[in-house]
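> PDB, C-alpha atoms, saved as model27.pdb, coming up:
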```
ATOM      1  CA  MET O   1     106.708 121.992  84.146
ATOM      2  CA  GLY O   2     107.601 118.659  82.556
ATOM      3  CA  ASN O   3     103.989 117.432  82.453
ATOM      4  CA  TYR O   4     102.659 115.374  79.543
ATOM      5  CA  LYS O   5      99.022 115.440  78.450
ATOM      6  CA  PHE O   6      97.671 112.066  77.367
ATOM      7  CA  THR O   7      94.067 111.465  76.292
ATOM      8  CA  ILE O   8      92.330 108.129  76.787
ATOM      9  CA  GLU O   9      88.590 107.432  76.440
ATOM     10  CA  GLY O  10      88.090 111.162  75.885
ATOM     11  CA  GLN O  11      89.608 111.955  79.290
ATOM     12  CA  SER O  12      92.547 114.328  79.716
ATOM     13  CA  LEU O  13      95.244 112.848  81.923
ATOM     14  CA  TYR O  14      98.284 114.949  82.805
ATOM     15  CA  LEU O  15     101.232 112.699  83.613
ATOM     16  CA  LEU O  16     103.433 114.360  86.215
ATOM     17  CA  PRO O  17     107.129 113.787  87.003
ATOM     18  CA  ASP O  18     106.082 113.107  90.598
ATOM     19  CA  LYS O  19     104.641 109.767  89.345
ATOM     20  CA  VAL O  20     101.119 111.092  89.712
ATOM     21  CA  ILE O  21      98.305 111.773  87.226
ATOM     22  CA  PHE O  22      96.066 114.828  87.300
ATOM     23  CA  TRP O  23      92.703 113.999  85.718
ATOM     24  CA  SER O  24      91.363 117.364  84.649
ATOM     25  CA  GLN O  25      87.688 116.475  84.077
ATOM     26  CA  GLN O  26      87.397 115.013  87.593
ATOM     27  CA  LYS O  27      89.875 117.410  89.250
ATOM     28  CA  ALA O  28      91.502 114.295  90.689
ATOM     29  CA  LEU O  29      95.047 113.326  91.581
ATOM     30  CA  ILE O  30      95.727 109.634  90.893
ATOM     31  CA  LEU O  31      98.626 107.715  92.409
ATOM     32  CA  SER O  32      99.486 104.191  93.433
ATOM     33  CA  ASP O  33     101.742 102.160  95.705
ATOM     34  CA  LEU O  34     102.837 104.575  98.396
ATOM     35  CA  HIS O  35     103.634 101.745 100.807
ATOM     36  CA  ILE O  36     103.478 104.054 103.811
ATOM     37  CA  GLY O  37     104.959 102.262 106.793
ATOM     38  CA  LYS O  38     107.541 100.299 104.839
ATOM     39  CA  ALA O  39     110.313 102.204 106.608
ATOM     40  CA  SER O  40     108.923 101.143 109.988
ATOM     41  CA  HIS O  41     108.576  97.579 108.715
ATOM     42  CA  PHE O  42     112.311  97.523 107.962
ATOM     43  CA  ARG O  43     113.193  99.131 111.288
ATOM     44  CA  LYS O  44     111.411  96.284 113.054
ATOM     45  CA  ALA O  45     113.682  93.923 111.120
ATOM     46  CA  GLY O  46     116.775  95.810 112.324
ATOM     47  CA  VAL O  47     117.342  97.941 109.206
ATOM     48  CA  PRO O  48     117.696 101.629 110.239
ATOM     49  CA  ILE O  49     115.455 103.386 107.714
ATOM     50  CA  SER O  50     114.172 106.831 108.699
ATOM     51  CA  SER O  51     110.469 107.655 108.481
ATOM     52  CA  ARG O  52     111.552 110.889 106.751
ATOM     53  CA  VAL O  53     111.246 109.061 103.441
ATOM     54  CA  HIS O  54     107.462 109.083 103.974
ATOM     55  CA  ILE O  55     107.393 112.629 105.340
ATOM     56  CA  ASN O  56     109.029 113.844 102.129
ATOM     57  CA  GLU O  57     106.304 112.104 100.124
ATOM     58  CA  PHE O  58     103.664 114.032 102.043
ATOM     59  CA  PHE O  59     105.542 117.237 101.195
ATOM     60  CA  ILE O  60     105.311 116.300  97.502
ATOM     61  CA  LEU O  61     101.574 115.701  97.833
ATOM     62  CA  ASP O  62     101.206 119.053  99.615
ATOM     63  CA  ALA O  63     102.860 120.784  96.659
ATOM     64  CA  LEU O  64     100.638 118.974  94.133
ATOM     65  CA  ILE O  65      97.513 119.889  96.086
ATOM     66  CA  ALA O  66      98.613 123.529  96.167
ATOM     67  CA  GLU O  67      99.242 123.490  92.405
ATOM     68  CA  PHE O  68      96.180 121.578  91.158
ATOM     69  CA  ASN O  69      93.567 122.189  93.886
ATOM     70  CA  PRO O  70      92.033 118.717  93.446
ATOM     71  CA  ALA O  71      88.515 117.767  94.483
ATOM     72  CA  LYS O  72      89.577 114.178  95.117
ATOM     73  CA  ILE O  73      92.615 111.939  95.444
ATOM     74  CA  LEU O  74      92.508 108.343  94.194
ATOM     75  CA  PHE O  75      94.979 106.015  95.890
ATOM     76  CA  VAL O  76      95.120 102.992  93.571
ATOM     77  CA  GLY O  77      96.134 100.465  96.190
ATOM     78  CA  ASP O  78      98.984  99.667  98.571
ATOM     79  CA  LEU O  79      98.622 102.951 100.378
ATOM     80  CA  PHE O  80      99.982 101.318 103.515
ATOM     81  CA  HIS O  81     102.636  98.615 103.524
ATOM     82  CA  SER O  82     101.689  96.189 106.274
ATOM     83  CA  ASP O  83     100.433  96.076 109.867
ATOM     84  CA  PHE O  84      99.607  99.167 111.885
ATOM     85  CA  ASN O  85     102.604 101.290 112.934
ATOM     86  CA  GLN O  86     103.506 104.898 113.674
ATOM     87  CA  GLU O  87     103.584 105.939 110.014
ATOM     88  CA  TRP O  88      99.815 105.470 109.849
ATOM     89  CA  ASP O  89      99.585 108.346 112.347
ATOM     90  CA  LEU O  90     101.518 110.505 109.873
ATOM     91  CA  PHE O  91      98.973 109.775 107.156
ATOM     92  CA  TYR O  92      96.018 110.221 109.518
ATOM     93  CA  THR O  93      97.235 113.678 110.572
ATOM     94  CA  TRP O  94      98.126 114.682 107.014
ATOM     95  CA  SER O  95      94.766 113.623 105.562
ATOM     96  CA  HIS O  96      92.842 115.629 108.157
ATOM     97  CA  ASN O  97      94.590 118.774 106.942
ATOM     98  CA  TYR O  98      92.516 118.434 103.745
ATOM     99  CA  ALA O  99      88.945 118.002 104.906
ATOM    100  CA  ASN O 100      87.698 119.511 101.619
ATOM    101  CA  ILE O 101      89.276 116.775  99.471
ATOM    102  CA  GLU O 102      87.578 113.413  98.962
ATOM    103  CA  MET O 103      90.113 110.620  99.483
ATOM    104  CA  ILE O 104      89.410 107.197  97.991
ATOM    105  CA  LEU O 105      91.485 104.063  98.480
ATOM    106  CA  ILE O 106      91.114 101.227  95.988
ATOM    107  CA  ARG O 107      92.249  98.426  98.263
ATOM    108  CA  GLY O 108      95.520  96.686  97.375
ATOM    109  CA  ASN O 109      97.080  93.445  98.521
ATOM    110  CA  HIS O 110      99.153  95.282 101.158
ATOM    111  CA  ASP O 111      96.172  97.215 102.528
ATOM    112  CA  ILE O 112      95.531  94.773 105.377
ATOM    113  CA  LEU O 113      94.722  97.119 108.246
ATOM    114  CA  PRO O 114      91.476  96.368 110.133
ATOM    115  CA  ASP O 115      88.375  97.949 108.620
ATOM    116  CA  SER O 116      87.900  99.960 111.819
ATOM    117  CA  VAL O 117      91.207 101.781 111.191
ATOM    118  CA  TYR O 118      90.088 102.883 107.718
ATOM    119  CA  GLN O 119      86.634 103.839 109.035
ATOM    120  CA  ASN O 120      88.257 106.194 111.536
ATOM    121  CA  SER O 121      90.253 107.861 108.765
ATOM    122  CA  ARG O 122      89.083 110.115 105.956
ATOM    123  CA  LEU O 123      89.383 107.308 103.407
ATOM    124  CA  ARG O 124      86.529 105.766 101.459
ATOM    125  CA  VAL O 125      87.714 102.219 100.771
ATOM    126  CA  LEU O 126      86.611 100.384  97.616
ATOM    127  CA  GLU O 127      87.659  97.264  95.737
ATOM    128  CA  GLN O 128      86.999  98.934  92.375
ATOM    129  CA  LEU O 129      86.042 102.360  91.087
ATOM    130  CA  VAL O 130      84.491 103.174  87.695
ATOM    131  CA  ILE O 131      84.131 106.766  86.493
ATOM    132  CA  ASP O 132      83.511 107.869  82.876
ATOM    133  CA  ASN O 133      84.588 104.545  81.287
ATOM    134  CA  LEU O 134      87.771 104.372  83.363
ATOM    135  CA  GLU O 135      88.053 101.539  85.872
ATOM    136  CA  PHE O 136      90.545 101.661  88.725
ATOM    137  CA  THR O 137      91.716  98.469  90.425
ATOM    138  CA  HIS O 138      94.940  97.786  92.264
ATOM    139  CA  GLU O 139      95.783  94.704  90.214
ATOM    140  CA  ARG O 140      94.915  94.538  86.547
ATOM    141  CA  ASN O 141      91.382  93.381  85.727
ATOM    142  CA  GLU O 142      91.872  91.378  82.531
ATOM    143  CA  ASN O 143      88.116  91.001  81.998
ATOM    144  CA  SER O 144      87.129  94.615  82.432
ATOM    145  CA  ASP O 145      84.294  96.196  80.476
ATOM    146  CA  TRP O 146      86.078  99.542  80.768
ATOM    147  CA  TYR O 147      89.550 100.930  80.265
ATOM    148  CA  ASN O 148      91.386  99.520  83.273
ATOM    149  CA  ILE O 149      94.004 101.512  85.209
ATOM    150  CA  SER O 150      95.949  99.702  87.899
ATOM    151  CA  GLY O 151      99.095  99.832  90.010
ATOM    152  CA  HIS O 152     100.807  96.920  91.780
ATOM    153  CA  LEU O 153     103.403  96.253  89.078
ATOM    154  CA  HIS O 154     105.832  99.160  89.804
ATOM    155  CA  PRO O 155     106.713  99.313  86.065
ATOM    156  CA  ALA O 156     110.105 100.471  84.809
ATOM    157  CA  VAL O 157     112.095 100.389  81.580
ATOM    158  CA  SER O 158     115.819 100.509  80.864
ATOM    159  CA  LEU O 159     117.160 103.288  78.680
ATOM    160  CA  VAL O 160     120.481 102.576  76.977
ATOM    161  CA  GLY O 161     122.910 105.392  76.117
ATOM    162  CA  HIS O 162     125.468 105.681  73.314
ATOM    163  CA  GLY O 163     128.142 104.213  75.546
ATOM    164  CA  LYS O 164     125.883 101.215  76.233
ATOM    165  CA  GLN O 165     125.347 102.386  79.782
ATOM    166  CA  SER O 166     121.798 101.715  80.972
ATOM    167  CA  LEU O 167     119.497 103.280  83.512
ATOM    168  CA  LYS O 168     116.288 101.719  84.875
ATOM    169  CA  LEU O 169     113.569 104.323  85.355
ATOM    170  CA  PRO O 170     109.934 104.174  86.494
ATOM    171  CA  CYS O 171     107.265 104.705  83.876
ATOM    172  CA  PHE O 172     103.604 105.009  83.043
ATOM    173  CA  MET O 173     102.508 102.291  80.594
ATOM    174  CA  PHE O 174      99.371 102.687  78.472
ATOM    175  CA  ARG O 175      98.163  99.749  76.395
ATOM    176  CA  PRO O 176      95.048  99.669  74.159
ATOM    177  CA  ASP O 177      92.809  98.355  76.959
ATOM    178  CA  HIS O 178      94.667  99.011  80.204
ATOM    179  CA  ALA O 179      97.370 101.071  81.901
ATOM    180  CA  PHE O 180      99.859 100.560  84.724
ATOM    181  CA  LEU O 181     100.828 103.378  87.084
ATOM    182  CA  PRO O 182     104.344 103.818  88.468
ATOM    183  CA  ALA O 183     104.835 103.394  92.208
ATOM    184  CA  PHE O 184     104.628 106.768  93.920
ATOM    185  CA  GLY O 185     106.528 105.586  96.990
ATOM    186  CA  HIS O 186     110.243 106.284  96.914
ATOM    187  CA  PHE O 187     111.038 103.253  99.038
ATOM    188  CA  THR O 188     109.683 100.669  96.596
ATOM    189  CA  GLY O 189     111.251  98.388  94.015
ATOM    190  CA  LEU O 190     110.945  98.528  90.235
ATOM    191  CA  ALA O 191     109.800  95.781  87.875
ATOM    192  CA  LYS O 192     111.315  95.925  84.406
ATOM    193  CA  ILE O 193     108.707  95.528  81.678
ATOM    194  CA  LYS O 194     108.974  94.564  77.996
ATOM    195  CA  PRO O 195     106.853  96.973  75.950
ATOM    196  CA  ASN O 196     105.373  96.029  72.598
ATOM    197  CA  LYS O 197     104.752  98.217  69.559
ATOM    198  CA  LYS O 198     101.236  99.149  70.647
ATOM    199  CA  ASP O 199     102.320 100.438  74.045
ATOM    200  CA  ASN O 200     102.726 104.075  74.974
ATOM    201  CA  ILE O 201     105.541 104.324  77.514
ATOM    202  CA  PHE O 202     106.142 107.513  79.468
ATOM    203  CA  VAL O 203     109.379 107.486  81.437
ATOM    204  CA  VAL O 204     109.816 109.529  84.597
ATOM    205  CA  ALA O 205     113.217 111.173  84.279
ATOM    206  CA  GLU O 206     114.261 113.876  86.732
ATOM    207  CA  ASN O 207     111.705 116.675  86.301
ATOM    208  CA  GLU O 208     110.085 115.622  83.055
ATOM    209  CA  ILE O 209     108.058 112.923  81.358
ATOM    210  CA  ILE O 210     109.613 111.388  78.241
ATOM    211  CA  HIS O 211     107.450 109.554  75.698
ATOM    212  CA  VAL O 212     109.457 106.552  74.469
ATOM    213  CA  SER O 213     106.863 104.445  72.620
TER     214      SER O 213
END
```
How does the structure come out when it is put into structure tokens?


Amino acid sequence: MGNYKFTIEGQSLYLLPDKVIFWSQQKALILSDLHIGKASHFRKAGVPISSRVHINEFFILDALIAEFNPAKILFVGDLFHSDFNQEWDLFYTWSHNYANIEMILIRGNHDILPDSVYQNSRLRVLEQLVIDNLEFTHERNENSDWYNISGHLHPAVSLVGHGKQSLKLPCFMFRPDHAFLPAFGHFTGLAKIKPNKKDNIFVVAENEIIHVS
């Protein structure tokens, strides 16, 4: 419900209102910028943010796994927000509930945990992943030989209503040679982008994807 099928490089990508892509040929869920542990990071600074914000995100992933039965999950960077804290234990326990799913992390600038921590998890950690002419990196690779898909930016656009009221919403952005994924994490900021005429913009609004190119 509310999904939008978009084809790039002959690959069928289903854009989901949960700010996730289901790649049908690879049976893969693709998402970026969870920033697990950001709530704990703020608590250390004296801001009382509950870890439930991350627990709810795991519930969303549970529902997507039940619906799409993926063979793999691609985390396109910034899976974890900062240093080791208790929210990593939440992810560790959650990931071991899905021993049949390959989990790949394309390392982001916030993924700074020691290599030993990742090695003890179910994650395969890479700097870059190329499958079927699609390249996944956390930050955009401007010199890619493939169609580049990245996160990091947390893209959003402003929609203006008839009464000139505006609303900033996260979006998927597809350009001729690269794409930016929205941030999956609900405790992340948004970066307003300025699309051009060649861009395909897909806004995440409530329970649907709206194409606003």

> Under the rule that all atoms listed in the file are counted, which of O:Glu57, O:Asp89, O:Glu208, O:Glu102 is the nearest residue to Ile73 in chain O?

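Ranking O:Glu57, O:Asp89, O:Glu208, O:Glu102 by distance to Ile73 in chain O, first place goes to O:Glu102.
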
> What is the distance, in Å and to one decimal place, between CA of Ser32 in chain O and CA of Val76 in chain O?

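Value for the CA of Ser32 in chain O-CA of Val76 in chain O distance: 4.5 Å.
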
> At what distance in Å, to one decimal, does CA of Ile201 in chain O lie from CA of Gln165 in chain O?

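Separation of CA of Gln165 in chain O and CA of Ile201 in chain O: 20.0 Å.
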
> Using all atoms listed in the file, what residues lie at most 7 Å away from (104.1, 112.1, 84.6) (file coordinates), given as a list in words?

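Those within range, by chain then number, are Asn3, Tyr4, Tyr14, Leu15, Leu16, Pro17, Asp18, Lys19, Val20, Ile21, Val204 and Ile209 of chain O.
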
> Rank nothing, just name the residue among O:Ile149, O:Leu13, O:Ile101, O:Leu126 nearest to Gln25 in chain O, using only C-alpha atoms.

O:Leu13

> On this file, the PyMOL selection byres ((chain O and resi 103) around 7) gives some set of residues; write that set as a ChimeraX atom specification.

/O:72-74,101-102,104-105,122-124

> What is the CA of Phe91 in chain O to CA of His178 in chain O distance in Å?

29.3 Å

> Once the PyMOL selection byres ((chain O and resi 135) around 8) has been evaluated on this model, what residues remain selected, and can you format them as a list in words?

Gln128, Leu129, Val130, Ile131, Asn133, Leu134, Phe136, Thr137, Ser144, Trp146, Tyr147, Asn148 and Ile149 of chain O

> Would you save the residues of that selection, restricted to C-alpha atoms, as a tab-separated table (two decimals), in the coordinates of the input?


```
chain	number	residue	atom	x	y	z
O	128	GLN	CA	87.00	98.93	92.38
O	129	LEU	CA	86.04	102.36	91.09
O	130	VAL	CA	84.49	103.17	87.70
O	131	ILE	CA	84.13	106.77	86.49
O	133	ASN	CA	84.59	104.54	81.29
O	134	LEU	CA	87.77	104.37	83.36
O	136	PHE	CA	90.54	101.66	88.72
O	137	THR	CA	91.72	98.47	90.42
O	144	SER	CA	87.13	94.62	82.43
O	146	TRP	CA	86.08	99.54	80.77
O	147	TYR	CA	89.55	100.93	80.26
O	148	ASN	CA	91.39	99.52	83.27
O	149	ILE	CA	94.00	101.51	85.21
```

> What lies within 9 Å of Ser158 in chain O using only C-alpha atoms, ignoring chain neighbours under 5 positions off, as a PDB file with C-alpha atoms, keeping the file's coordinate frame?


```pdb
ATOM      1  CA  SER O 166     121.798 101.715  80.972  1.00  0.00           C
ATOM      2  CA  LEU O 167     119.497 103.280  83.512  1.00  0.00           C
ATOM      3  CA  LYS O 168     116.288 101.719  84.875  1.00  0.00           C
ATOM      4  CA  LEU O 169     113.569 104.323  85.355  1.00  0.00           C
ATOM      5  CA  PRO O 170     109.934 104.174  86.494  1.00  0.00           C
ATOM      6  CA  LYS O 192     111.315  95.925  84.406  1.00  0.00           C
ATOM      7  CA  ILE O 193     108.707  95.528  81.678  1.00  0.00           C
TER       8      ILE O 193
END
```

> Taking into account only C-alpha atoms, which residue in the set O:Phe75, O:Tyr98, O:Tyr118, O:Tyr92 is nearest to His35 in chain O?

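Using only C-alpha atoms, the shortest distance to His35 in chain O belongs to O:Phe75.
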
> Quick one: of O:Pro114, O:Gly185, O:Pro155, O:Gly108, who's nearest to Leu61 in chain O, counting all atoms listed in the file?

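Smallest distance to Leu61 in chain O is found for O:Gly185.
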
> I'd like the contact shell of Ile65 in chain O - 9 Å cut-off, all atoms listed in the file, skipping same-chain residues fewer than 5 positions apart - returned as a PyMOL selection string.

chain O and resi 29+60+70

> Residues near Pro195 in chain O, anyone? I mean within 10 Å using only C-alpha atoms, not counting same-chain ones fewer than 3 positions away, as a VMD selection string.

chain O and resid 157 173 to 175 192 198 to 201 213

> I'd like the contact shell of Arg107 in chain O - 7 Å cut-off, all atoms listed in the file, skipping same-chain residues fewer than 6 positions apart - returned as a PyMOL selection string.

chain O and resi 77-78+125-127+138

> From the options O:Asp33, O:Glu87, O:Asp132, O:Glu9, which residue's atoms come nearest to Ser150 in chain O, counting all atoms listed in the file?

O:Asp33
